[in-house]
>>> print(open('final-v3.pdb').read())   # PDB, C-alpha atoms
ATOM      1  CA  MET A   1       9.411  -6.787  31.988
ATOM      2  CA  GLN A   2      10.572  -3.703  30.121
ATOM      3  CA  ALA A   3      12.166  -5.934  27.454
ATOM      4  CA  ILE A   4       8.990  -7.981  27.047
ATOM      5  CA  THR A   5       6.957  -4.807  26.592
ATOM      6  CA  ASN A   6       9.383  -3.597  23.914
ATOM      7  CA  ILE A   7       9.191  -6.885  22.014
ATOM      8  CA  THR A   8       5.405  -6.822  22.122
ATOM      9  CA  ARG A   9       5.379  -3.285  20.841
ATOM     10  CA  SER A  10       7.776  -4.049  17.972
ATOM     11  CA  GLU A  11       5.540  -6.929  16.790
ATOM     12  CA  SER A  12       3.068  -4.401  15.480
ATOM     13  CA  GLY A  13       5.406  -1.437  14.974
ATOM     14  CA  PHE A  14       7.407   0.167  12.176
ATOM     15  CA  ALA A  15      10.333  -2.306  12.331
ATOM     16  CA  SER A  16       7.916  -5.212  12.141
ATOM     17  CA  GLY A  17       6.329  -3.639   9.071
ATOM     18  CA  LEU A  18       9.755  -3.259   7.455
ATOM     19  CA  ARG A  19      10.540  -6.943   8.126
ATOM     20  CA  ALA A  20       7.199  -8.080   6.721
ATOM     21  CA  GLY A  21       7.724  -5.869   3.683
ATOM     22  CA  MET A  22      11.209  -7.250   3.019
ATOM     23  CA  SER A  23       9.870 -10.233   1.050
ATOM     24  CA  ILE A  24       7.765  -7.866  -1.056
ATOM     25  CA  ALA A  25      10.785  -5.640  -1.671
ATOM     26  CA  ILE A  26      12.775  -8.654  -2.891
ATOM     27  CA  GLY A  27       9.844  -9.806  -5.010
ATOM     28  CA  TYR A  28       9.470  -6.355  -6.575
ATOM     29  CA  MET A  29      13.134  -6.192  -7.581
ATOM     30  CA  PRO A  30      12.937  -8.238 -10.826
ATOM     31  CA  VAL A  31       9.513  -6.821 -11.716
ATOM     32  CA  ALA A  32      10.709  -3.221 -11.282
ATOM     33  CA  LEU A  33      13.987  -3.941 -13.112
ATOM     34  CA  THR A  34      11.957  -5.344 -16.013
ATOM     35  CA  PHE A  35       9.618  -2.348 -15.891
ATOM     36  CA  GLY A  36      12.544   0.100 -16.050
ATOM     37  CA  LEU A  37      14.033  -1.833 -18.944
ATOM     38  CA  LEU A  38      10.724  -1.993 -20.842
ATOM     39  CA  ALA A  39      10.041   1.688 -20.172
ATOM     40  CA  ARG A  40      13.291   2.427 -21.997
ATOM     41  CA  THR A  41      12.449   0.189 -24.967
ATOM     42  CA  THR A  42       8.962   1.767 -25.108
ATOM     43  CA  GLY A  43      10.625   5.165 -25.461
ATOM     44  CA  LEU A  44      10.116   6.801 -22.058
ATOM     45  CA  THR A  45      12.866   8.999 -20.641
ATOM     46  CA  VAL A  46      14.554   7.858 -17.404
ATOM     47  CA  PHE A  47      12.790  10.708 -15.589
ATOM     48  CA  GLU A  48       9.366   9.639 -16.908
ATOM     49  CA  ALA A  49       9.968   6.009 -15.908
ATOM     50  CA  ILE A  50      11.056   6.880 -12.353
ATOM     51  CA  LEU A  51       8.315   9.510 -11.946
ATOM     52  CA  MET A  52       5.690   6.949 -12.975
ATOM     53  CA  SER A  53       6.957   4.478 -10.381
ATOM     54  CA  MET A  54       7.098   7.252  -7.761
ATOM     55  CA  VAL A  55       3.575   8.617  -8.181
ATOM     56  CA  VAL A  56       1.615   5.586  -9.460
ATOM     57  CA  PHE A  57       3.242   2.626  -7.636
ATOM     58  CA  ALA A  58       1.143  -0.070  -9.305
ATOM     59  CA  GLY A  59       2.982  -2.796 -11.229
ATOM     60  CA  ALA A  60       0.236  -4.184 -13.468
ATOM     61  CA  ALA A  61      -1.056  -0.705 -14.320
ATOM     62  CA  GLN A  62       2.404   0.524 -15.265
ATOM     63  CA  TYR A  63       3.073  -2.512 -17.467
ATOM     64  CA  ILE A  64      -0.305  -2.100 -19.141
ATOM     65  CA  THR A  65       0.465   1.579 -19.740
ATOM     66  CA  LEU A  66       3.685   0.650 -21.547
ATOM     67  CA  SER A  67       1.861  -1.780 -23.824
ATOM     68  CA  LEU A  68      -0.840   0.822 -24.514
ATOM     69  CA  LEU A  69       1.775   3.505 -25.233
ATOM     70  CA  ALA A  70       3.589   1.105 -27.558
ATOM     71  CA  ILE A  71       0.484   0.777 -29.723
ATOM     72  CA  GLY A  72      -0.159   4.527 -29.727
ATOM     73  CA  THR A  73      -3.106   4.745 -27.336
ATOM     74  CA  GLY A  74      -4.353   8.230 -26.381
ATOM     75  CA  ALA A  75      -3.956   9.804 -22.930
ATOM     76  CA  PHE A  76      -7.615   9.648 -21.918
ATOM     77  CA  GLU A  77      -7.972   5.992 -22.907
ATOM     78  CA  ILE A  78      -4.834   5.092 -20.949
ATOM     79  CA  ILE A  79      -6.012   6.933 -17.830
ATOM     80  CA  PHE A  80      -9.488   5.387 -18.043
ATOM     81  CA  THR A  81      -8.008   1.898 -18.541
ATOM     82  CA  ILE A  82      -5.753   2.393 -15.518
ATOM     83  CA  PHE A  83      -8.761   3.496 -13.487
ATOM     84  CA  ILE A  84     -10.604   0.290 -14.469
ATOM     85  CA  VAL A  85      -7.539  -1.844 -13.732
ATOM     86  CA  ASN A  86      -6.914  -0.259 -10.340
ATOM     87  CA  ILE A  87     -10.489   0.020  -9.113
ATOM     88  CA  ARG A  88      -9.870  -3.350  -7.437
ATOM     89  CA  HIS A  89      -7.808  -1.413  -4.855
ATOM     90  CA  LEU A  90     -11.156  -0.122  -3.589
ATOM     91  CA  LEU A  91     -11.953  -3.594  -2.274
ATOM     92  CA  MET A  92      -8.508  -4.054  -0.687
ATOM     93  CA  SER A  93      -8.686  -0.637   0.938
ATOM     94  CA  ALA A  94     -12.209  -1.359   2.232
ATOM     95  CA  SER A  95     -11.093  -4.729   3.580
ATOM     96  CA  ILE A  96      -7.924  -3.434   5.260
ATOM     97  CA  ASN A  97      -9.974  -0.572   6.731
ATOM     98  CA  GLU A  98     -11.765  -3.188   8.879
ATOM     99  CA  ARG A  99      -8.430  -4.274  10.371
ATOM    100  CA  VAL A 100      -6.347  -1.143  10.950
ATOM    101  CA  THR A 101      -6.275   0.698  14.239
ATOM    102  CA  GLU A 102      -8.064   4.041  14.096
ATOM    103  CA  ASP A 103      -5.794   7.010  13.451
ATOM    104  CA  THR A 104      -5.874  10.558  12.106
ATOM    105  CA  VAL A 105      -7.254  10.901   8.584
ATOM    106  CA  TRP A 106      -4.075  12.308   7.023
ATOM    107  CA  LYS A 107      -1.998   9.327   8.205
ATOM    108  CA  LYS A 108      -4.515   6.850   6.789
ATOM    109  CA  ALA A 109      -4.678   8.880   3.570
ATOM    110  CA  LEU A 110      -0.853   8.689   3.358
ATOM    111  CA  TYR A 111      -0.392   4.945   3.785
ATOM    112  CA  ALA A 112      -3.425   4.316   1.529
ATOM    113  CA  PHE A 113      -1.032   5.237  -1.312
ATOM    114  CA  GLY A 114       0.973   2.098  -0.484
ATOM    115  CA  ILE A 115      -1.910  -0.378  -0.932
ATOM    116  CA  THR A 116      -0.925  -2.889  -3.626
ATOM    117  CA  ASP A 117      -1.882  -6.528  -4.261
ATOM    118  CA  GLU A 118       1.254  -7.519  -2.348
ATOM    119  CA  THR A 119       1.254  -5.120   0.622
ATOM    120  CA  PHE A 120      -2.455  -5.831   1.027
ATOM    121  CA  THR A 121      -2.128  -9.620   1.081
ATOM    122  CA  VAL A 122       0.848  -9.588   3.444
ATOM    123  CA  ALA A 123      -0.848  -7.140   5.830
ATOM    124  CA  ALA A 124      -4.281  -8.782   5.620
ATOM    125  CA  THR A 125      -2.898 -12.227   6.523
ATOM    126  CA  LYS A 126      -1.051 -10.919   9.587
ATOM    127  CA  THR A 127      -2.623 -11.830  12.911
ATOM    128  CA  GLY A 128      -3.409  -9.131  15.438
ATOM    129  CA  SER A 129      -3.982  -5.441  14.912
ATOM    130  CA  LEU A 130      -2.551  -3.402  12.057
ATOM    131  CA  THR A 131      -1.070  -0.221  13.466
ATOM    132  CA  THR A 132      -0.287   2.881  11.448
ATOM    133  CA  SER A 133       3.471   2.354  12.025
ATOM    134  CA  TYR A 134       3.250  -1.226  10.761
ATOM    135  CA  MET A 135       1.444  -0.058   7.617
ATOM    136  CA  PHE A 136       4.065   2.662   7.043
ATOM    137  CA  GLY A 137       6.877   0.108   7.469
ATOM    138  CA  ILE A 138       5.468  -2.431   5.021
ATOM    139  CA  CYS A 139       4.579   0.200   2.419
ATOM    140  CA  LEU A 140       7.800   2.185   2.688
ATOM    141  CA  ILE A 141      10.210  -0.695   2.041
ATOM    142  CA  SER A 142       8.074  -2.010  -0.852
ATOM    143  CA  TYR A 143       7.867   1.475  -2.356
ATOM    144  CA  ALA A 144      11.613   2.077  -2.016
ATOM    145  CA  SER A 145      12.361  -1.192  -3.823
ATOM    146  CA  TRP A 146       9.898  -0.374  -6.617
ATOM    147  CA  VAL A 147      11.314   3.096  -7.295
ATOM    148  CA  VAL A 148      15.030   2.275  -6.921
ATOM    149  CA  PHE A 149      14.917  -0.820  -9.130
ATOM    150  CA  THR A 150      12.873   0.984 -11.787
ATOM    151  CA  GLY A 151      15.815   3.371 -12.165
ATOM    152  CA  ALA A 152      18.337   0.518 -12.068
ATOM    153  CA  GLY A 153      16.425  -1.429 -14.734
ATOM    154  CA  TYR A 154      16.357   1.597 -16.986
ATOM    155  CA  MET A 155      20.141   2.077 -16.714
ATOM    156  CA  VAL A 156      20.921  -1.594 -17.384
ATOM    157  CA  GLY A 157      18.610  -1.511 -20.391
ATOM    158  CA  ALA A 158      20.814   1.043 -22.123
ATOM    159  CA  SER A 159      23.558  -1.507 -22.728
ATOM    160  CA  LEU A 160      21.473  -4.314 -24.241
ATOM    161  CA  PRO A 161      22.188  -5.645 -27.757
ATOM    162  CA  SER A 162      19.450  -5.133 -30.393
ATOM    163  CA  VAL A 163      18.608  -8.842 -30.737
ATOM    164  CA  ILE A 164      17.739  -8.961 -27.026
ATOM    165  CA  GLN A 165      15.775  -5.731 -27.373
ATOM    166  CA  GLN A 166      13.696  -7.394 -30.113
ATOM    167  CA  GLY A 167      13.141 -10.322 -27.764
ATOM    168  CA  MET A 168      12.116  -7.893 -24.984
ATOM    169  CA  SER A 169       9.114  -6.799 -27.063
ATOM    170  CA  VAL A 170       7.334  -9.996 -25.995
ATOM    171  CA  ALA A 171       8.119  -9.517 -22.287
ATOM    172  CA  LEU A 172       4.831  -7.804 -21.377
ATOM    173  CA  TYR A 173       2.787 -10.468 -23.115
ATOM    174  CA  ALA A 174       4.880 -13.222 -21.553
ATOM    175  CA  MET A 175       4.256 -11.648 -18.153
ATOM    176  CA  PHE A 176       0.500 -11.510 -18.722
ATOM    177  CA  VAL A 177       0.551 -15.173 -19.780
ATOM    178  CA  GLY A 178       2.663 -15.942 -16.713
ATOM    179  CA  LEU A 179       0.121 -14.193 -14.476
ATOM    180  CA  LEU A 180      -2.849 -15.897 -16.101
ATOM    181  CA  VAL A 181      -1.688 -19.528 -16.364
ATOM    182  CA  PRO A 182      -1.337 -20.362 -12.617
ATOM    183  CA  SER A 183      -4.836 -18.965 -11.917
ATOM    184  CA  SER A 184      -6.251 -20.803 -14.948
ATOM    185  CA  LYS A 185      -4.957 -24.102 -13.587
ATOM    186  CA  LYS A 186      -6.914 -23.529 -10.381
ATOM    187  CA  SER A 187     -10.160 -22.199 -11.812
ATOM    188  CA  LYS A 188     -12.043 -22.844 -15.054
ATOM    189  CA  LYS A 189     -13.815 -19.527 -14.517
ATOM    190  CA  VAL A 190     -10.490 -17.710 -15.057
ATOM    191  CA  VAL A 191     -10.096 -19.427 -18.434
ATOM    192  CA  VAL A 192     -13.637 -18.389 -19.415
ATOM    193  CA  LEU A 193     -13.091 -14.789 -18.244
ATOM    194  CA  ALA A 194      -9.860 -14.411 -20.208
ATOM    195  CA  GLY A 195     -11.225 -16.269 -23.237
ATOM    196  CA  VAL A 196     -14.458 -14.257 -23.477
ATOM    197  CA  ALA A 197     -12.562 -10.962 -23.083
ATOM    198  CA  ALA A 198     -10.046 -12.060 -25.749
ATOM    199  CA  ILE A 199     -12.885 -12.896 -28.163
ATOM    200  CA  PHE A 200     -14.645  -9.570 -27.541
ATOM    201  CA  ASN A 201     -11.357  -7.701 -27.915
ATOM    202  CA  SER A 202     -10.618  -9.448 -31.238
ATOM    203  CA  LEU A 203     -14.138  -8.650 -32.424
ATOM    204  CA  PHE A 204     -13.921  -4.962 -31.427
ATOM    205  CA  SER A 205     -10.433  -4.677 -32.963
ATOM    206  CA  TYR A 206     -11.742  -6.245 -36.180
ATOM    207  CA  PHE A 207     -14.383  -3.524 -36.364
ATOM    208  CA  HIS A 208     -11.672  -0.895 -35.807
ATOM    209  CA  MET A 209     -12.613   0.214 -32.313
ATOM    210  CA  SER A 210      -9.578   1.971 -30.790
ATOM    211  CA  THR A 211      -7.391  -0.454 -28.843
ATOM    212  CA  GLY A 212      -7.829   1.233 -25.453
ATOM    213  CA  TRP A 213     -11.624   1.254 -25.500
ATOM    214  CA  SER A 214     -11.711  -2.198 -27.035
ATOM    215  CA  ILE A 215      -9.778  -3.568 -24.034
ATOM    216  CA  VAL A 216     -11.951  -1.689 -21.528
ATOM    217  CA  PHE A 217     -15.257  -2.804 -23.065
ATOM    218  CA  ALA A 218     -14.074  -6.386 -23.624
ATOM    219  CA  THR A 219     -12.971  -6.578 -19.982
ATOM    220  CA  LEU A 220     -16.177  -5.095 -18.547
ATOM    221  CA  LEU A 221     -18.442  -7.190 -20.802
ATOM    222  CA  SER A 222     -16.609 -10.390 -19.929
ATOM    223  CA  SER A 223     -16.563  -9.598 -16.184
ATOM    224  CA  ILE A 224     -20.285  -8.809 -16.128
ATOM    225  CA  LEU A 225     -21.412 -11.653 -18.421
ATOM    226  CA  VAL A 226     -19.393 -14.283 -16.582
ATOM    227  CA  GLU A 227     -20.755 -13.055 -13.253
ATOM    228  CA  VAL A 228     -24.352 -13.120 -14.545
ATOM    229  CA  VAL A 229     -24.090 -16.475 -16.356
ATOM    230  CA  ILE A 230     -21.779 -18.620 -14.219
ATOM    231  CA  GLY A 231     -20.987 -16.394 -11.242
ATOM    232  CA  ARG A 232     -23.349 -18.188  -8.903
ATOM    233  CA  LYS A 233     -21.975 -21.665  -9.633
ATOM    234  CA  GLU A 234     -18.311 -21.180  -8.885
ATOM    235  CA  ASN A 235     -16.015 -18.760  -7.107
ATOM    236  CA  VAL A 236     -12.563 -17.769  -8.366
TER     237      VAL A 236
ATOM    238  CA  MET B   1       9.556  15.213 -20.893
ATOM    239  CA  SER B   2       6.588  15.687 -23.214
ATOM    240  CA  SER B   3       3.536  17.389 -21.723
ATOM    241  CA  THR B   4       1.328  14.515 -22.933
ATOM    242  CA  MET B   5       3.432  12.001 -21.008
ATOM    243  CA  LEU B   6       3.328  14.216 -17.913
ATOM    244  CA  LEU B   7      -0.468  14.431 -18.243
ATOM    245  CA  ILE B   8      -0.706  10.632 -18.555
ATOM    246  CA  ILE B   9       1.482  10.037 -15.485
ATOM    247  CA  ILE B  10      -0.392  12.568 -13.338
ATOM    248  CA  GLY B  11      -3.752  11.199 -14.522
ATOM    249  CA  MET B  12      -2.627   7.655 -13.706
ATOM    250  CA  ALA B  13      -1.467   8.772 -10.262
ATOM    251  CA  VAL B  14      -4.825  10.421  -9.491
ATOM    252  CA  VAL B  15      -7.052   7.548 -10.693
ATOM    253  CA  THR B  16      -4.828   5.000  -8.943
ATOM    254  CA  TYR B  17      -4.724   6.869  -5.642
ATOM    255  CA  ILE B  18      -8.456   7.659  -5.331
ATOM    256  CA  PRO B  19      -9.718   4.041  -5.038
ATOM    257  CA  ARG B  20      -6.911   3.268  -2.569
ATOM    258  CA  MET B  21      -7.768   6.248  -0.404
ATOM    259  CA  ILE B  22     -11.594   6.528  -0.366
ATOM    260  CA  PRO B  23     -12.459   3.433   1.725
ATOM    261  CA  LEU B  24      -9.680   4.036   4.277
ATOM    262  CA  VAL B  25     -10.611   7.672   4.707
ATOM    263  CA  PHE B  26     -14.410   7.629   4.273
ATOM    264  CA  PHE B  27     -15.782   4.105   4.863
ATOM    265  CA  ASN B  28     -16.970   2.790   8.190
ATOM    266  CA  SER B  29     -17.859  -0.648   6.874
ATOM    267  CA  ASP B  30     -17.929  -2.530   3.599
ATOM    268  CA  ASN B  31     -20.633  -0.732   1.624
ATOM    269  CA  ILE B  32     -19.969  -2.355  -1.736
ATOM    270  CA  HIS B  33     -22.760  -4.538  -3.137
ATOM    271  CA  PRO B  34     -21.674  -8.238  -3.333
ATOM    272  CA  LYS B  35     -22.649  -8.370  -7.010
ATOM    273  CA  LEU B  36     -20.319  -5.487  -7.803
ATOM    274  CA  GLN B  37     -17.580  -7.095  -5.709
ATOM    275  CA  ASN B  38     -17.813 -10.262  -7.801
ATOM    276  CA  ILE B  39     -17.657  -8.303 -11.045
ATOM    277  CA  LEU B  40     -14.589  -6.417  -9.828
ATOM    278  CA  LYS B  41     -12.940  -9.701  -8.823
ATOM    279  CA  ASN B  42     -13.386 -10.868 -12.423
ATOM    280  CA  VAL B  43     -11.680  -7.795 -13.906
ATOM    281  CA  PRO B  44      -7.999  -8.825 -13.505
ATOM    282  CA  PHE B  45      -8.480 -12.162 -15.298
ATOM    283  CA  ALA B  46     -10.670 -10.717 -18.033
ATOM    284  CA  ILE B  47      -8.255  -7.872 -18.751
ATOM    285  CA  LEU B  48      -5.351 -10.327 -19.000
ATOM    286  CA  GLY B  49      -7.218 -12.161 -21.779
ATOM    287  CA  ALA B  50      -7.937  -8.927 -23.620
ATOM    288  CA  LEU B  51      -4.363  -7.706 -23.229
ATOM    289  CA  ILE B  52      -2.818 -10.913 -24.564
ATOM    290  CA  PHE B  53      -5.089 -11.442 -27.539
ATOM    291  CA  PRO B  54      -4.981 -10.338 -30.321
ATOM    292  CA  GLY B  55      -2.119  -7.940 -29.393
ATOM    293  CA  ILE B  56       0.500 -10.669 -29.109
ATOM    294  CA  LEU B  57       0.109 -11.460 -32.824
ATOM    295  CA  THR B  58       1.027  -7.903 -33.822
ATOM    296  CA  ILE B  59       4.288  -7.261 -31.931
ATOM    297  CA  HIS B  60       6.303  -8.131 -35.038
ATOM    298  CA  GLU B  61       5.754  -8.238 -38.827
ATOM    299  CA  ASP B  62       6.489 -11.957 -38.544
ATOM    300  CA  ILE B  63       3.368 -13.421 -36.912
ATOM    301  CA  LYS B  64       5.395 -16.471 -35.759
ATOM    302  CA  PHE B  65       7.319 -14.144 -33.443
ATOM    303  CA  GLY B  66       4.301 -13.572 -31.187
ATOM    304  CA  LEU B  67       3.099 -17.177 -31.484
ATOM    305  CA  ILE B  68       6.478 -18.580 -30.392
ATOM    306  CA  GLY B  69       6.576 -16.128 -27.497
ATOM    307  CA  ALA B  70       3.067 -17.117 -26.398
ATOM    308  CA  ILE B  71       3.845 -20.849 -26.572
ATOM    309  CA  VAL B  72       7.132 -20.529 -24.657
ATOM    310  CA  ALA B  73       5.478 -18.373 -21.968
ATOM    311  CA  PHE B  74       2.527 -20.753 -21.671
ATOM    312  CA  VAL B  75       4.700 -23.864 -21.332
ATOM    313  CA  THR B  76       7.125 -22.356 -18.785
ATOM    314  CA  ALA B  77       4.242 -20.909 -16.742
ATOM    315  CA  TYR B  78       2.339 -24.197 -16.927
ATOM    316  CA  LEU B  79       5.393 -26.050 -15.582
ATOM    317  CA  GLY B  80       5.201 -23.739 -12.563
ATOM    318  CA  ALA B  81       8.108 -21.394 -13.292
ATOM    319  CA  ASN B  82       8.413 -18.110 -11.381
ATOM    320  CA  LEU B  83       7.019 -15.075 -13.236
ATOM    321  CA  ILE B  84      10.410 -13.540 -13.980
ATOM    322  CA  VAL B  85      11.634 -16.919 -15.331
ATOM    323  CA  VAL B  86       8.610 -17.057 -17.641
ATOM    324  CA  VAL B  87       9.403 -13.564 -18.936
ATOM    325  CA  MET B  88      13.147 -14.135 -19.322
ATOM    326  CA  THR B  89      12.725 -17.540 -21.032
ATOM    327  CA  SER B  90      10.324 -16.036 -23.581
ATOM    328  CA  VAL B  91      12.620 -13.071 -24.189
ATOM    329  CA  GLY B  92      15.610 -15.422 -24.527
ATOM    330  CA  ALA B  93      13.826 -17.738 -26.953
ATOM    331  CA  LEU B  94      12.766 -14.826 -29.167
ATOM    332  CA  SER B  95      16.220 -13.232 -29.014
ATOM    333  CA  VAL B  96      17.636 -16.506 -30.348
ATOM    334  CA  TYR B  97      14.877 -16.618 -32.988
ATOM    335  CA  ALA B  98      15.603 -13.005 -33.998
ATOM    336  CA  TYR B  99      19.346 -13.733 -34.183
ATOM    337  CA  PHE B 100      18.982 -16.699 -36.555
ATOM    338  CA  PHE B 101      15.851 -15.985 -38.575
ATOM    339  CA  LEU B 102      15.280 -12.222 -38.798
TER     340      LEU B 102
END
>>> encode(input="final-v3.pdb", output="structure tokens")
Amino acid sequence: MQAITNITRSESGFASGLRAGMSIAIGYMPVALTFGLLARTTGLTVFEAILMSMVVFAGAAQYITLSLLAIGTGAFEIIFTIFIVNIRHLLMSASINERVTEDTVWKKALYAFGITDETFTVAATKTGSLTTSYMFGICLISYASWVVFTGAGYMVGASLPSVIQQGMSVALYAMFVGLLVPSSKKSKKVVVLAGVAAIFNSLFSYFHMSTGWSIVFATLLSSILVEVVIGRKENV
Amino acid sequence: MSSTMLLIIIGMAVVTYIPRMIPLVFFNSDNIHPKLQNILKNVPFAILGALIFPGILTIHEDIKFGLIGAIVAFVTAYLGANLIVVVMTSVGALSVYAYFFL
């Protein structure tokens, strides 16, 4: 009876969170390695790269920051762009808030830092209650992987030949294409969203709007227009 | 570390943490208007389009460099390759291109 109680408890406890987060940690490894490597080629110091992974912990945002830095975007534009990119976490946090067991505010405020696309989807698809220990487990192992492999990627990057480093300059764009294509195959709306934003961005760039704002406005205009015009017909 | 870079990283950390934290700490139920939810759901796909184009054409003096990268990434992703495979194949193809033609 004691053993059964222990098993039941561990299903929603810290160890269970660690196990659930293991697949995320493995999945983050190549992405963080690539981030560390790209951070080096973009000109960040090893300390800056690791600090960014430690305090931001958001893959897409960090990649976008590198591409914005590479084209000389200003600090305020970068921070505003990252805010726009990461505002989607608001929805994940609101959704997960419906599922987690009530706990003290500071504990919820602490594991809120670990909400990512991946920790959210893994946690949100779990059956049963989401305890604070489970949330800490899943976030901690994902976070550890992200930070450690950022550093590792940066170190490995130092020994790459220049031809490969030239090739690496396309990596961010290849990743964005790789993120977009699978969703485009499933939904025509995704193609329209990306296409309209690309057209607006080209137009704004042509009229010499700064790159950061051009991306922000193109994204917002496309998101709003597509929702107003075709939003009611189809869901992504 | 430059103070500008430190400012950027701290700013990123703050604006990334706030949306993660507010609902968990302050919300009792989902207060976001459905219309706004739909717009926010569109953002990731729209921003991907804006990030890819026209930027990909300007990564190198040789415009073919970006075009080849885009085509290789599109084809490998379309065939269902894992994200890291898409990235590495594109990088590999352009490394070969840089070795022979640049």
>>> residues_around(input="final-v3.pdb", residues="range 40-45 of chain A", least_positions_apart="5", cutoff="10 Å", atoms="all atoms listed in the file", output="ChimeraX atom specification")
/A:34-35,50-51,66-71,153-158,165-166,168-169 /B:1-2,5
>>> resolve_selection(input="final-v3.pdb", expression="the ChimeraX specification (/B :<6) & /A", output="compact mmCIF listing (two decimals) with C-alpha atoms, keeping the file's coordinate frame")
# COMPACT_ATOMS: atom_id res chain seq x y z
CA MET A 52 5.69 6.95 -12.98
CA VAL A 55 3.58 8.62 -8.18
CA VAL A 56 1.62 5.59 -9.46
CA ALA A 75 -3.96 9.80 -22.93
CA ILE A 79 -6.01 6.93 -17.83
CA PHE A 83 -8.76 3.50 -13.49
CA ASN A 86 -6.91 -0.26 -10.34
CA ILE A 87 -10.49 0.02 -9.11
CA HIS A 89 -7.81 -1.41 -4.86
CA LEU A 90 -11.16 -0.12 -3.59
CA SER A 93 -8.69 -0.64 0.94
CA ALA A 94 -12.21 -1.36 2.23
CA ASN A 97 -9.97 -0.57 6.73
CA ALA A 109 -4.68 8.88 3.57
CA ALA A 112 -3.42 4.32 1.53
CA PHE A 113 -1.03 5.24 -1.31
CA VAL A 163 18.61 -8.84 -30.74
CA ILE A 164 17.74 -8.96 -27.03
CA GLY A 167 13.14 -10.32 -27.76
CA MET A 168 12.12 -7.89 -24.98
CA ALA A 171 8.12 -9.52 -22.29
CA TYR A 173 2.79 -10.47 -23.12
CA ALA A 174 4.88 -13.22 -21.55
CA MET A 175 4.26 -11.65 -18.15
CA PHE A 176 0.50 -11.51 -18.72
CA GLY A 178 2.66 -15.94 -16.71
CA VAL A 190 -10.49 -17.71 -15.06
CA LEU A 193 -13.09 -14.79 -18.24
CA ALA A 194 -9.86 -14.41 -20.21
CA GLY A 195 -11.22 -16.27 -23.24
CA ALA A 197 -12.56 -10.96 -23.08
CA ALA A 198 -10.05 -12.06 -25.75
CA ASN A 201 -11.36 -7.70 -27.92
CA SER A 202 -10.62 -9.45 -31.24
CA ILE A 215 -9.78 -3.57 -24.03
CA THR A 219 -12.97 -6.58 -19.98
CA SER A 223 -16.56 -9.60 -16.18
CA ILE A 224 -20.28 -8.81 -16.13
>>> residues_near_point(input="final-v3.pdb", point="(0.5, -8.9, 2.8)", cutoff="10 Å", atoms="only C-alpha atoms", output="ChimeraX atom specification")
/A:20-21,23-24,115-126,138-139
>>> atom_distance(input="final-v3.pdb", atom1="CA of Gly13 in chain A", atom2="CA of Phe136 in chain A")
9.0 Å
>>> atom_distance(input="final-v3.pdb", atom1="CA of Leu110 in chain A", atom2="CA of Ser53 in chain A")
16.4 Å
>>> atom_distance(input="final-v3.pdb", atom1="CA of Val46 in chain A", atom2="CA of Val85 in chain A")
24.4 Å
>>> closest_residue(input="final-v3.pdb", among="A:Ile141, A:Glu98, A:Trp213, A:Ser183", to="Gly74 in chain A", atoms="only C-alpha atoms")
A:Trp213
